[in-house]
Amino acid sequence: MATEIDPAAHNRTAWDRLVDAENEWTRPVPPEVIGRARDGDWSVVLIGYEPVDRTWFPEELAGTAVLCLASGGGQQGPVLAAAGAQVTVVDNSPRQLGQDEFVAAREGLALSTVLGDMRDLSRFAGESFDLVFHPVSNLFCPQIEPVWRECFRVLRPGGALLTGFVNPDLFLFDAEALDFRGELVVRHTLPYSDLTHLSTQERERVFGKDAPVSYSHTMTEQIGGQLAAGFVLTAFAEAPHHNSPTARHMSGYFATRAVKPPVR
């Protein structure tokens, strides 16, 4: 089967290359988006192209300490900073963080960037943030239970975790048939990993040698993992995958809002 690799190191390089290729999730927002955000007209996405319901955020963002987790690319972090939040962006890709730094410098935004693995937030003290914004990215991480535990630890009581993730059922299908012929051919058992379900040769042929490696993760890991970490789920949303033939048949993305209970 696939050659043994370090997923974090591989995906770091892969996302650096995607920045150079101008992948849509690596393109910095234009100045007009920042201008509107400064005037209170802002939105960000967790899943696909759907703006997050504003009721998922604090009523007032000014002064809110926000951790944008695995959220580099010059998109969500700068918008939230322009809306008044105190933003820290953590990402595994230096080039992705560079996009946030580019927008911050261009627009005069106060925004911090930190290179790191989403599973390890040990550089942050407990109860450092009011909000964790974690868009679709944990499919690139082999274990997500540590992510939920770390998010719970760094959030203040009453703080919220906003998360987007891929519907694991999408990984049932043969990617080559889906991407090249638009055919939904059930092939894989779940949970899925590019490294265990495909040979190195097939993975490189279908996705490219330098593509990020992905993992499906079960709903028990996704939602059950948040609950096990201590979160209380307060809202749920779904959307079709923005770039897949499966969009005609099923939701491709899920989003959750989970709260760290206040201290009683």
# chains A, B, ... in the order shown; residues from 1 in each chain; ligands from 1

call {"tool": "select_by_dssp", "arguments": {"residues": "stretch 73-167 of chain A", "states": "helix (DSSP H, G or I)", "output": "MDAnalysis selection string"}}
result
chainID A and resid 76:82 94:107 138:140 145:154

call {"tool": "residues_around", "arguments": {"residues": "A:Cys151", "least_positions_apart": "3", "cutoff": "12 Å", "atoms": "only C-alpha atoms", "output": "ChimeraX atom specification"}}
result
/A:66-70,118-122,124-134,144-148,154-157,159-163,225-227,229-231,258-260

call {"tool": "closest_atom_pairs", "arguments": {"of": "stretch 159-244 of chain A", "to": "stretch 15-24 of chain A", "cutoff": "9 Å", "atoms": "only C-alpha atoms", "output": "JSON lines"}}
result
{"residue": "A:Asp210", "atom": "CA", "partner": "A:Arg17", "partner_atom": "CA", "distance": 7.9}
{"residue": "A:Ala211", "atom": "CA", "partner": "A:Trp15", "partner_atom": "CA", "distance": 8.1}
{"residue": "A:Pro212", "atom": "CA", "partner": "A:Trp15", "partner_atom": "CA", "distance": 7.0}

call {"tool": "residues_around", "arguments": {"residues": "stretch 84-86 of chain A", "least_positions_apart": "2", "cutoff": "8 Å", "atoms": "only C-alpha atoms", "output": "list in words"}}
result
Arg38, Leu61, Ala62, Gly63, Thr64, Ala65, Val66, Leu80, Ala81, Ala82, Thr88, Ala110 and Leu111 of chain A

call {"tool": "closest_residue", "arguments": {"among": "A:Thr26, A:Thr13, A:Ser43, A:Asn138", "to": "A:Ser93", "atoms": "only C-alpha atoms"}}
result
A:Thr13

call {"tool": "atom_distance", "arguments": {"atom1": "atom CA of A:Leu97", "atom2": "atom CA of A:Val29"}}
result
13.5 Å

call {"tool": "closest_residue", "arguments": {"among": "A:Leu184, A:Ala14, A:Pro94, A:Leu115", "to": "A:Lys209", "atoms": "only C-alpha atoms"}}
result
A:Ala14

call {"tool": "closest_atom_pairs", "arguments": {"of": "stretch 133-185 of chain A", "to": "stretch 240-251 of chain A", "cutoff": "12 Å", "atoms": "only C-alpha atoms", "output": "CSV"}}
result
residue,atom,partner,partner_atom,distance
A:Val136,CA,A:His241,CA,11.2
A:Gly164,CA,A:His241,CA,11.8
A:Phe165,CA,A:His241,CA,10.6
A:Val166,CA,A:His241,CA,8.3
A:Asn167,CA,A:Ser251,CA,7.0
A:Pro168,CA,A:Ser251,CA,10.2
A:Asp169,CA,A:Met250,CA,9.2
A:Leu170,CA,A:Thr246,CA,7.6
A:Phe171,CA,A:Thr246,CA,10.8
A:Leu172,CA,A:Thr246,CA,11.1
A:Phe173,CA,A:Thr246,CA,9.5
A:Asp174,CA,A:Thr246,CA,11.8
A:Ala175,CA,A:Ser244,CA,10.3
A:Ala177,CA,A:Pro245,CA,10.5
A:Leu178,CA,A:Pro245,CA,7.0
A:Asp179,CA,A:Ser244,CA,7.4
A:Phe180,CA,A:Pro245,CA,10.2
A:Arg181,CA,A:Pro245,CA,9.4
A:Gly182,CA,A:Pro245,CA,5.8
A:Glu183,CA,A:Pro245,CA,7.8
A:Leu184,CA,A:Thr246,CA,7.5
A:Val185,CA,A:Thr246,CA,10.9

call {"tool": "residues_around", "arguments": {"residues": "stretch 189-193 of chain A", "least_positions_apart": "4", "cutoff": "7 Å", "atoms": "only C-alpha atoms", "output": "list in words"}}
result
Phe171, Leu172, His197, Ser214, Tyr215, Ser216, His217 and Thr218 of chain A

call {"tool": "atom_distance", "arguments": {"atom1": "atom CA of A:Leu109", "atom2": "atom CA of A:Asp39"}}
result
14.2 Å

call {"tool": "closest_residue", "arguments": {"among": "A:Glu101, A:Asp6, A:Glu60, A:Asp53", "to": "A:Gly40", "atoms": "only C-alpha atoms"}}
result
A:Glu60

call {"tool": "select_by_dssp", "arguments": {"residues": "stretch 67-118 of chain A", "states": "strand (DSSP E)", "output": "VMD selection string"}}
result
chain A and resid 67 to 69 86 to 91 111 to 115

call {"tool": "write_last_selection", "arguments": {"atoms": "C-alpha atoms", "output": "PDB file, in the first residue's frame"}}
result
ATOM      1  CA  LEU A  67      -8.540  31.792  17.362  1.00  0.00           C
ATOM      2  CA  CYS A  68      -8.801  30.960  13.653  1.00  0.00           C
ATOM      3  CA  LEU A  69      -7.662  27.347  13.787  1.00  0.00           C
ATOM      4  CA  GLN A  86      -8.495  40.265  18.300  1.00  0.00           C
ATOM      5  CA  VAL A  87      -7.459  37.499  15.895  1.00  0.00           C
ATOM      6  CA  THR A  88      -4.801  34.812  16.098  1.00  0.00           C
ATOM      7  CA  VAL A  89      -4.469  32.508  13.084  1.00  0.00           C
ATOM      8  CA  VAL A  90      -2.904  29.079  13.563  1.00  0.00           C
ATOM      9  CA  ASP A  91      -2.055  27.040  10.485  1.00  0.00           C
ATOM     10  CA  LEU A 111      -3.527  40.135  13.490  1.00  0.00           C
ATOM     11  CA  SER A 112      -1.182  37.446  14.833  1.00  0.00           C
ATOM     12  CA  THR A 113      -0.093  34.291  12.999  1.00  0.00           C
ATOM     13  CA  VAL A 114       1.303  31.116  14.520  1.00  0.00           C
ATOM     14  CA  LEU A 115       2.757  28.144  12.635  1.00  0.00           C
TER      15      LEU A 115
END

call {"tool": "atom_distance", "arguments": {"atom1": "atom CA of A:Phe207", "atom2": "atom CA of A:Arg187"}}
result
16.6 Å
